[in-house]
$ cat start-v5.txt   # compact mmCIF, C-alpha atoms and all ligand atoms
# COMPACT_ATOMS: atom_id res chain seq x y z
CA MET A 1143 0.04 18.37 -16.29
CA LYS A 1144 -2.47 18.25 -13.39
CA GLU A 1145 -0.71 18.18 -10.01
CA LYS A 1146 -1.64 15.23 -7.79
CA LEU A 1147 -3.26 16.38 -4.56
CA LYS A 1148 -1.84 15.03 -1.30
CA TYR A 1149 -4.16 14.37 1.63
CA GLY A 1150 -1.94 12.59 4.17
CA VAL A 1151 -3.00 9.58 6.24
CA ASP A 1152 -5.27 10.02 9.25
CA ALA A 1153 -3.74 9.12 12.63
CA PRO A 1154 -0.74 7.54 10.83
CA SER A 1155 0.61 5.80 13.93
CA VAL A 1156 -2.49 3.58 14.14
CA PRO A 1157 -2.15 1.65 10.82
CA ILE A 1158 1.64 1.48 11.31
CA LEU A 1159 1.06 -0.17 14.70
CA TYR A 1160 -1.62 -2.56 13.38
CA ILE A 1161 0.39 -3.65 10.33
CA GLY A 1162 3.72 -3.76 12.21
CA VAL A 1163 2.36 -5.92 15.04
CA GLY A 1164 0.40 -8.02 12.53
CA LEU A 1165 3.53 -8.76 10.47
CA ILE A 1166 5.56 -9.77 13.55
CA VAL A 1167 2.76 -12.04 14.77
CA LEU A 1168 2.32 -13.50 11.27
CA ILE A 1169 6.06 -14.33 11.03
CA VAL A 1170 5.96 -15.99 14.47
CA GLY A 1171 2.96 -18.05 13.27
CA ILE A 1172 4.71 -19.08 10.04
CA LEU A 1173 7.90 -20.03 11.92
CA ALA A 1174 5.85 -22.07 14.40
CA LEU A 1175 4.00 -23.79 11.56
CA ALA A 1176 7.29 -24.57 9.79
CA GLY A 1177 8.66 -26.09 12.98
CA VAL A 1178 11.41 -23.46 13.36
CA ILE A 1179 9.81 -22.41 16.65
CA THR A 1180 9.26 -25.55 18.69
CA HIS A 1181 7.18 -26.36 21.79
CA TYR A 1182 4.44 -23.96 20.66
CA ASN A 1183 0.91 -25.18 19.92
CA GLY A 1184 -0.78 -21.93 18.94
CA ALA A 1185 0.52 -21.53 15.36
CA GLY A 1186 -2.99 -21.46 13.83
CA TRP A 1187 -4.34 -18.81 16.23
CA THR A 1188 -1.14 -16.77 15.89
CA LEU A 1189 -1.45 -16.75 12.10
CA ALA A 1190 -5.12 -15.77 12.33
CA TYR A 1191 -4.33 -12.94 14.77
CA GLY A 1192 -1.56 -11.62 12.51
CA ILE A 1193 -3.87 -11.62 9.49
CA PHE A 1194 -6.61 -9.93 11.55
CA MET A 1195 -4.24 -7.12 12.63
CA ILE A 1196 -2.92 -6.56 9.09
CA ALA A 1197 -6.50 -6.50 7.72
CA GLY A 1198 -7.38 -3.92 10.41
CA GLY A 1199 -4.48 -1.70 9.37
CA LEU A 1200 -5.36 -1.98 5.67
CA THR A 1201 -9.03 -1.18 6.41
CA PHE A 1202 -7.89 1.92 8.28
CA ILE A 1203 -5.80 3.06 5.33
CA HIS A 1204 -8.70 2.37 2.94
CA THR A 1205 -11.05 4.61 4.96
CA SER A 1206 -8.42 7.34 5.20
CA LEU A 1207 -7.46 7.37 1.51
CA ARG A 1208 -10.73 6.41 -0.18
CA GLY A 1209 -13.70 5.57 2.07
CA LYS A 1210 -13.95 9.00 3.66
CA PHE A 1211 -14.01 10.68 0.24
CA VAL A 1212 -16.92 8.44 -0.85
CA ILE A 1213 -18.79 9.26 2.37
CA TRP A 1214 -18.53 13.01 1.74
CA LYS A 1215 -19.34 12.76 -1.96
CA ASN A 1216 -22.53 10.85 -1.14
CA LEU A 1217 -23.42 13.04 1.84
CA LEU A 1218 -23.07 16.35 0.00
CA SER A 1219 -24.90 15.12 -3.08
CA GLY A 1220 -27.92 14.49 -0.81
CA PHE A 1221 -28.35 18.23 -0.14
CA LYS A 1222 -29.54 21.04 -2.40
CA ILE A 1223 -26.60 23.27 -1.55
CA LYS A 1224 -27.05 26.88 -2.70
CA ARG A 1225 -24.09 27.80 -4.86
CA ASN A 1226 -23.45 30.99 -2.90
CA SER A 1227 -23.30 29.20 0.46
CA LYS A 1228 -20.75 30.21 3.09
CA VAL A 1229 -19.13 27.10 4.52
CA ILE A 1230 -16.76 26.47 7.42
CA ASP A 1231 -14.77 23.21 7.64
CA LEU A 1232 -13.76 22.53 11.23
CA GLY A 1233 -10.51 20.55 11.38
CA CYS A 1234 -10.09 20.72 7.60
CA GLY A 1235 -6.68 18.98 7.46
CA HIS A 1236 -5.48 18.77 3.84
CA GLY A 1237 -8.82 20.11 2.59
CA ALA A 1238 -10.50 16.88 1.40
CA VAL A 1239 -13.98 18.11 2.35
CA MET A 1240 -13.31 21.69 1.24
CA LEU A 1241 -12.50 20.36 -2.24
CA GLU A 1242 -15.62 18.16 -2.37
CA MET A 1243 -17.77 21.07 -1.13
CA ALA A 1244 -16.21 23.35 -3.76
CA LYS A 1245 -17.92 21.27 -6.49
CA HIS A 1246 -21.28 22.51 -5.15
CA LEU A 1247 -20.43 26.24 -4.97
CA ASP A 1248 -19.55 29.09 -7.31
CA GLN A 1249 -17.57 32.31 -7.03
CA ASN A 1250 -20.27 33.84 -4.82
CA GLY A 1251 -19.81 31.17 -2.16
CA LYS A 1252 -16.88 30.81 0.20
CA ILE A 1253 -15.20 27.96 2.10
CA THR A 1254 -13.21 28.65 5.24
CA GLY A 1255 -10.99 25.87 6.57
CA VAL A 1256 -9.98 25.95 10.22
CA ASP A 1257 -7.31 23.74 11.74
CA LEU A 1258 -4.47 23.45 14.23
CA TRP A 1259 -2.56 21.22 11.74
CA ARG A 1260 -1.78 18.43 14.25
CA SER A 1261 0.44 15.85 12.55
CA GLN A 1262 -0.58 13.08 14.98
CA ASP A 1263 -4.12 13.42 13.53
CA GLN A 1264 -3.05 13.53 9.86
CA SER A 1265 0.41 13.00 8.37
CA ASN A 1266 2.26 16.02 6.87
CA ASN A 1267 -0.44 18.31 8.22
CA SER A 1268 0.28 22.00 7.64
CA VAL A 1269 -1.39 25.14 6.38
CA ASP A 1270 1.10 25.20 3.48
CA ALA A 1271 0.26 21.64 2.40
CA THR A 1272 -3.45 22.51 2.35
CA LYS A 1273 -2.85 25.82 0.57
CA LYS A 1274 -0.91 23.87 -2.09
CA ASN A 1275 -3.89 21.51 -2.62
CA LEU A 1276 -6.34 24.40 -2.92
CA VAL A 1277 -4.13 26.23 -5.43
CA ALA A 1278 -3.51 23.04 -7.45
CA ALA A 1279 -7.26 22.37 -7.61
CA ASN A 1280 -7.76 25.77 -9.30
CA LEU A 1281 -11.15 26.39 -7.67
CA SER A 1282 -13.63 29.02 -8.77
CA VAL A 1283 -14.99 29.37 -5.23
CA PRO A 1284 -12.99 31.59 -2.86
CA THR A 1285 -11.30 29.76 0.02
CA GLU A 1286 -9.58 30.83 3.21
CA LEU A 1287 -7.44 28.90 5.68
CA VAL A 1288 -7.39 29.98 9.32
CA THR A 1289 -5.15 28.55 12.00
CA ALA A 1290 -7.48 28.34 14.98
CA ASP A 1291 -8.91 26.01 17.58
CA MET A 1292 -12.43 24.83 16.83
CA ARG A 1293 -13.20 25.16 20.55
CA ASP A 1294 -12.74 28.92 20.26
CA LEU A 1295 -13.49 30.14 16.74
CA PRO A 1296 -12.35 33.63 15.74
CA PHE A 1297 -15.61 34.38 13.90
CA LYS A 1298 -18.72 36.37 14.74
CA ALA A 1299 -21.96 34.49 15.37
CA SER A 1300 -24.35 33.48 12.55
CA GLN A 1301 -21.90 33.69 9.63
CA PHE A 1302 -22.13 30.35 7.86
CA ASP A 1303 -24.77 28.36 5.97
CA TYR A 1304 -22.93 25.07 6.53
CA ALA A 1305 -20.47 23.90 9.16
CA VAL A 1306 -18.83 20.67 8.08
CA THR A 1307 -16.43 18.57 10.08
CA SER A 1308 -14.82 15.29 9.09
CA PHE A 1309 -13.27 12.86 11.57
CA ALA A 1310 -11.98 15.75 13.65
CA VAL A 1311 -14.18 16.24 16.74
CA HIS A 1312 -13.24 12.87 18.33
CA ASN A 1313 -9.61 14.09 18.36
CA ILE A 1314 -10.55 16.68 20.99
CA LYS A 1315 -10.38 15.56 24.61
CA PRO A 1316 -12.06 15.55 27.08
CA ARG A 1317 -15.82 15.47 26.43
CA ALA A 1318 -16.31 19.01 27.76
CA ASP A 1319 -13.93 20.29 25.07
CA ARG A 1320 -15.69 18.34 22.30
CA GLU A 1321 -18.90 19.96 23.54
CA LYS A 1322 -17.23 23.38 23.31
CA ALA A 1323 -16.38 22.63 19.66
CA LEU A 1324 -20.01 21.69 18.92
CA ALA A 1325 -21.22 24.83 20.70
CA GLU A 1326 -18.84 26.93 18.57
CA ALA A 1327 -20.07 25.24 15.37
CA TYR A 1328 -23.63 26.05 16.41
CA ARG A 1329 -22.75 29.66 17.31
CA VAL A 1330 -21.18 30.50 13.94
CA LEU A 1331 -24.02 28.90 11.94
CA LYS A 1332 -26.86 31.04 10.62
CA LYS A 1333 -30.29 30.32 12.13
CA ASP A 1334 -31.24 28.06 9.20
CA GLY A 1335 -27.69 26.71 8.83
CA LYS A 1336 -26.75 23.02 8.76
CA LEU A 1337 -24.05 21.13 10.63
CA LEU A 1338 -22.70 18.07 8.76
CA LEU A 1339 -20.64 16.07 11.23
CA VAL A 1340 -18.90 12.88 10.12
CA ASP A 1341 -16.93 11.08 12.80
CA THR A 1342 -16.07 7.74 14.35
CA GLY A 1343 -19.26 6.18 15.70
CA SER A 1344 -18.28 5.86 19.33
CA LYS A 1345 -19.38 9.36 20.33
CA HIS A 1346 -22.64 9.72 18.41
CA LYS A 1347 -24.88 9.71 21.50
CA GLU A 1348 -22.75 12.39 23.12
CA TYR A 1349 -22.93 14.57 20.00
CA ILE A 1350 -26.70 14.19 19.62
CA GLN A 1351 -27.26 15.02 23.29
CA LYS A 1352 -25.13 18.18 23.08
CA LEU A 1353 -26.67 19.34 19.79
CA GLN A 1354 -30.16 18.91 21.27
CA GLU A 1355 -29.10 20.89 24.34
CA LEU A 1356 -27.89 23.65 22.02
CA GLY A 1357 -31.32 23.79 20.38
CA MET A 1358 -30.83 21.64 17.28
CA HIS A 1359 -33.81 19.35 16.97
CA ASP A 1360 -33.86 18.29 13.33
CA ILE A 1361 -31.05 15.75 13.65
CA THR A 1362 -30.47 12.78 11.35
CA MET A 1363 -27.84 10.11 11.94
CA ASN A 1364 -26.56 7.63 9.35
CA GLN A 1365 -24.09 4.77 9.47
CA ALA A 1366 -21.36 5.02 6.85
CA GLY A 1367 -20.75 1.27 6.46
CA PHE A 1368 -17.42 -0.16 5.30
CA ASN A 1369 -16.23 3.21 3.96
CA GLY A 1370 -16.23 4.48 7.54
CA TRP A 1371 -14.47 1.54 9.19
CA TRP A 1372 -11.34 2.49 11.11
CA SER A 1373 -9.70 -0.96 11.58
CA GLY A 1374 -13.15 -2.44 12.14
CA PRO A 1375 -16.88 -1.57 12.18
C1 LIG A 1401 -8.20 13.03 11.26
S1 LIG A 1401 -7.86 14.64 10.72
C2 LIG A 1401 -9.16 14.89 9.52
C3 LIG A 1401 -8.87 16.05 8.59
C4 LIG A 1401 -9.93 16.33 7.54
N1 LIG A 1401 -11.15 16.82 8.14
C5 LIG A 1401 -10.18 15.12 6.69
O1 LIG A 1401 -11.24 14.48 6.83
O2 LIG A 1401 -9.32 14.77 5.88
C6 LIG A 1401 -8.41 15.64 12.08
C7 LIG A 1401 -8.06 17.10 11.93
O3 LIG A 1401 -8.58 17.84 13.04
C8 LIG A 1401 -7.62 18.80 13.42
N2 LIG A 1401 -7.87 19.20 14.82
C9 LIG A 1401 -7.79 18.43 15.92
N3 LIG A 1401 -8.13 19.14 17.01
C10 LIG A 1401 -8.44 20.40 16.58
C11 LIG A 1401 -8.88 21.59 17.22
N4 LIG A 1401 -9.07 21.64 18.54
N5 LIG A 1401 -9.11 22.68 16.46
C12 LIG A 1401 -8.92 22.65 15.12
N6 LIG A 1401 -8.52 21.55 14.45
C13 LIG A 1401 -8.28 20.43 15.17
C14 LIG A 1401 -6.29 18.11 13.22
O4 LIG A 1401 -5.22 19.01 13.15
C15 LIG A 1401 -6.55 17.36 11.91
O5 LIG A 1401 -6.22 18.15 10.80

$ encode --input "start-v5.txt" --output "structure tokens"
Amino acid sequence: MKEKLKYGVDAPSVPILYIGVGLIVLIVGILALAGVITHYNGAGWTLAYGIFMIAGGLTFIHTSLRGKFVIWKNLLSGFKIKRNSKVIDLGCGHGAVMLEMAKHLDQNGKITGVDLWRSQDQSNNSVDATKKNLVAANLSVPTELVTADMRDLPFKASQFDYAVTSFAVHNIKPRADREKALAEAYRVLKKDGKLLLVDTGSKHKEYIQKLQELGMHDITMNQAGFNGWWSGP
């Protein structure tokens, strides 16, 4: 029987907080509406706020468990990826993007996943969990997992055809450190290599500015739509 792959939930404390607060607020609203809580006029708004919070939490979970996979499937299918490409996934987590990329490569390619396995960024995050997914997927393309910081990659320059990174760079703080990560991605890419960066929208101007400074000029930016909503647009 095929083993089910486990990907964890991104930033698990966020949907727990949204749904937890939403439920409490919703109950207060229902009690106020039912007259159990008296001398309170805001039952309607309270109910609406509770529903809004719960919807935000559910949207977050949708993006983490489904939306992000659709984004990468669509993104990668838009490129003519050579089957012998060498790929690095920066902040690979449970390997969601490595596994999607693997569909485009053969045994002459290679995918290297790099991560620090931070469980606040993805639940049950560990090199062993990712290794288990890669083994269970029975890939023909060779893969490697490296525990390293994407701000200081243990690789020589100009090694990779693609650097991919999925909802990972925004986790690095402050801005100067995110810029270090982009500079490292640029350093390890071959001259004609491509960086595919998918992240929360709030930092897109910062990323574009840094990539231009590094010498990348052929830059395209797309909105992911509902599949990329984390609680909201
Ligand atoms: C939200 S998770 C996304 C994981 C995966 N890319 C995906 O889309 O499923 C962010 C990942 O970035 C990793 N990460 C955060 N800061 C990092 C750093 N400085 N170097 C390497 N990995 C990092 C976390 O450990 C986590 O696995």

$ residues_around --input "start-v5.txt" --residues "segment 1278-1285 of chain A" --least-positions-apart "3" --cutoff "8 Å" --atoms "only C-alpha atoms" --output "VMD selection string"
chain A and resid 1144 to 1145 1147 1241 1244 1247 to 1255 1274 to 1275

$ residues_near_ligand --input "start-v5.txt" --ligand "ligand LIG 1401 (chain A)" --cutoff "7 Å" --atoms "all atoms listed in the file" --output "ChimeraX atom specification"
/A:1149,1152-1153,1210,1232-1239,1256-1261,1263-1264,1267,1290-1293,1307-1311,1313-1314

$ closest_residue --input "start-v5.txt" --among "A:Lys1315, A:Ser1155, A:Ala1323, A:Leu1338" --to "Met1243 of chain A" --atoms "all atoms listed in the file"
A:Leu1338

$ atom_distance --input "start-v5.txt" --atom1 "atom CA of Leu1331 of chain A" --atom2 "atom CA of Lys1224 of chain A"
15.1 Å

$ atom_distance --input "start-v5.txt" --atom1 "atom CA of Gln1365 of chain A" --atom2 "atom CA of Val1163 of chain A"
29.1 Å

$ build_atoms --input "start-v5.txt" --residues "segment 1214-1225 of chain A" --atoms "all heavy atoms" --output "mmCIF file, keeping the file's coordinate frame"
data_model
loop_
_atom_site.group_PDB
_atom_site.id
_atom_site.type_symbol
_atom_site.label_atom_id
_atom_site.label_comp_id
_atom_site.auth_asym_id
_atom_site.auth_seq_id
_atom_site.Cartn_x
_atom_site.Cartn_y
_atom_site.Cartn_z
ATOM 1 N N TRP A 1214 -18.218 11.577 1.917
ATOM 2 C CA TRP A 1214 -18.530 13.010 1.740
ATOM 3 C C TRP A 1214 -19.182 13.288 0.392
ATOM 4 O O TRP A 1214 -20.087 14.115 0.291
ATOM 5 C CB TRP A 1214 -17.285 13.865 1.963
ATOM 6 C CG TRP A 1214 -17.093 14.104 3.432
ATOM 7 C CD1 TRP A 1214 -16.271 13.430 4.273
ATOM 8 C CD2 TRP A 1214 -17.809 15.049 4.242
ATOM 9 N NE1 TRP A 1214 -16.414 13.904 5.556
ATOM 10 C CE2 TRP A 1214 -17.347 14.893 5.559
ATOM 11 C CE3 TRP A 1214 -18.791 16.004 3.988
ATOM 12 C CZ2 TRP A 1214 -17.839 15.665 6.623
ATOM 13 C CZ3 TRP A 1214 -19.279 16.769 5.034
ATOM 14 C CH2 TRP A 1214 -18.803 16.604 6.340
ATOM 15 N N LYS A 1215 -18.729 12.589 -0.623
ATOM 16 C CA LYS A 1215 -19.340 12.760 -1.960
ATOM 17 C C LYS A 1215 -20.834 12.435 -1.877
ATOM 18 O O LYS A 1215 -21.673 13.210 -2.312
ATOM 19 C CB LYS A 1215 -18.633 11.833 -2.956
ATOM 20 C CG LYS A 1215 -18.932 12.109 -4.399
ATOM 21 C CD LYS A 1215 -18.172 11.095 -5.253
ATOM 22 C CE LYS A 1215 -18.472 11.203 -6.702
ATOM 23 N NZ LYS A 1215 -18.140 12.419 -7.349
ATOM 24 N N ASN A 1216 -21.136 11.282 -1.249
ATOM 25 C CA ASN A 1216 -22.530 10.850 -1.140
ATOM 26 C C ASN A 1216 -23.327 11.791 -0.234
ATOM 27 O O ASN A 1216 -24.466 12.139 -0.535
ATOM 28 C CB ASN A 1216 -22.610 9.423 -0.583
ATOM 29 C CG ASN A 1216 -22.061 8.420 -1.579
ATOM 30 O OD1 ASN A 1216 -21.938 8.727 -2.764
ATOM 31 N ND2 ASN A 1216 -21.692 7.236 -1.103
ATOM 32 N N LEU A 1217 -22.705 12.186 0.883
ATOM 33 C CA LEU A 1217 -23.420 13.040 1.840
ATOM 34 C C LEU A 1217 -23.786 14.378 1.191
ATOM 35 O O LEU A 1217 -24.945 14.807 1.236
ATOM 36 C CB LEU A 1217 -22.530 13.265 3.078
ATOM 37 C CG LEU A 1217 -23.098 14.169 4.168
ATOM 38 C CD1 LEU A 1217 -24.398 13.608 4.733
ATOM 39 C CD2 LEU A 1217 -22.086 14.341 5.310
ATOM 40 N N LEU A 1218 -22.810 15.020 0.565
ATOM 41 C CA LEU A 1218 -23.070 16.350 0.000
ATOM 42 C C LEU A 1218 -24.033 16.291 -1.175
ATOM 43 O O LEU A 1218 -24.834 17.211 -1.379
ATOM 44 C CB LEU A 1218 -21.754 17.024 -0.422
ATOM 45 C CG LEU A 1218 -20.784 17.340 0.726
ATOM 46 C CD1 LEU A 1218 -19.550 18.053 0.199
ATOM 47 C CD2 LEU A 1218 -21.441 18.183 1.813
ATOM 48 N N SER A 1219 -23.993 15.192 -1.933
ATOM 49 C CA SER A 1219 -24.900 15.120 -3.080
ATOM 50 C C SER A 1219 -26.355 14.932 -2.620
ATOM 51 O O SER A 1219 -27.284 15.124 -3.393
ATOM 52 C CB SER A 1219 -24.487 14.002 -4.045
ATOM 53 O OG SER A 1219 -24.622 12.770 -3.384
ATOM 54 N N GLY A 1220 -26.564 14.635 -1.344
ATOM 55 C CA GLY A 1220 -27.920 14.490 -0.810
ATOM 56 C C GLY A 1220 -28.550 15.819 -0.419
ATOM 57 O O GLY A 1220 -29.701 15.855 0.006
ATOM 58 N N PHE A 1221 -27.821 16.913 -0.515
ATOM 59 C CA PHE A 1221 -28.350 18.230 -0.140
ATOM 60 C C PHE A 1221 -28.449 19.132 -1.361
ATOM 61 O O PHE A 1221 -27.623 19.032 -2.266
ATOM 62 C CB PHE A 1221 -27.433 18.921 0.887
ATOM 63 C CG PHE A 1221 -27.476 18.280 2.235
ATOM 64 C CD1 PHE A 1221 -26.571 17.288 2.567
ATOM 65 C CD2 PHE A 1221 -28.422 18.662 3.170
ATOM 66 C CE1 PHE A 1221 -26.615 16.679 3.803
ATOM 67 C CE2 PHE A 1221 -28.466 18.066 4.412
ATOM 68 C CZ PHE A 1221 -27.562 17.069 4.730
ATOM 69 N N LYS A 1222 -29.461 20.001 -1.354
ATOM 70 C CA LYS A 1222 -29.540 21.040 -2.400
ATOM 71 C C LYS A 1222 -28.756 22.227 -1.873
ATOM 72 O O LYS A 1222 -29.306 23.134 -1.240
ATOM 73 C CB LYS A 1222 -31.012 21.436 -2.605
ATOM 74 C CG LYS A 1222 -31.711 20.683 -3.694
ATOM 75 C CD LYS A 1222 -32.962 21.454 -4.126
ATOM 76 C CE LYS A 1222 -33.331 21.211 -5.534
ATOM 77 N NZ LYS A 1222 -33.879 20.123 -6.023
ATOM 78 N N ILE A 1223 -27.457 22.226 -2.112
ATOM 79 C CA ILE A 1223 -26.600 23.270 -1.550
ATOM 80 C C ILE A 1223 -26.636 24.500 -2.450
ATOM 81 O O ILE A 1223 -26.341 24.394 -3.645
ATOM 82 C CB ILE A 1223 -25.155 22.738 -1.391
ATOM 83 C CG1 ILE A 1223 -25.155 21.550 -0.429
ATOM 84 C CG2 ILE A 1223 -24.213 23.834 -0.906
ATOM 85 C CD1 ILE A 1223 -23.834 20.802 -0.354
ATOM 86 N N LYS A 1224 -27.033 25.644 -1.895
ATOM 87 C CA LYS A 1224 -27.050 26.880 -2.700
ATOM 88 C C LYS A 1224 -25.618 27.216 -3.087
ATOM 89 O O LYS A 1224 -24.711 27.142 -2.245
ATOM 90 C CB LYS A 1224 -27.647 28.024 -1.882
ATOM 91 C CG LYS A 1224 -29.136 27.950 -1.764
ATOM 92 C CD LYS A 1224 -29.687 29.328 -1.378
ATOM 93 C CE LYS A 1224 -31.139 29.207 -1.008
ATOM 94 N NZ LYS A 1224 -31.484 29.880 0.232
ATOM 95 N N ARG A 1225 -25.453 27.636 -4.349
ATOM 96 C CA ARG A 1225 -24.090 27.800 -4.860
ATOM 97 C C ARG A 1225 -23.363 28.994 -4.243
ATOM 98 O O ARG A 1225 -22.148 29.109 -4.361
ATOM 99 C CB ARG A 1225 -24.114 27.893 -6.398
ATOM 100 C CG ARG A 1225 -24.648 26.593 -7.019
ATOM 101 C CD ARG A 1225 -24.372 26.479 -8.492
ATOM 102 N NE ARG A 1225 -23.002 26.085 -8.787
ATOM 103 C CZ ARG A 1225 -22.539 24.833 -8.718
ATOM 104 N NH1 ARG A 1225 -23.316 23.845 -8.332
ATOM 105 N NH2 ARG A 1225 -21.282 24.579 -9.019
#
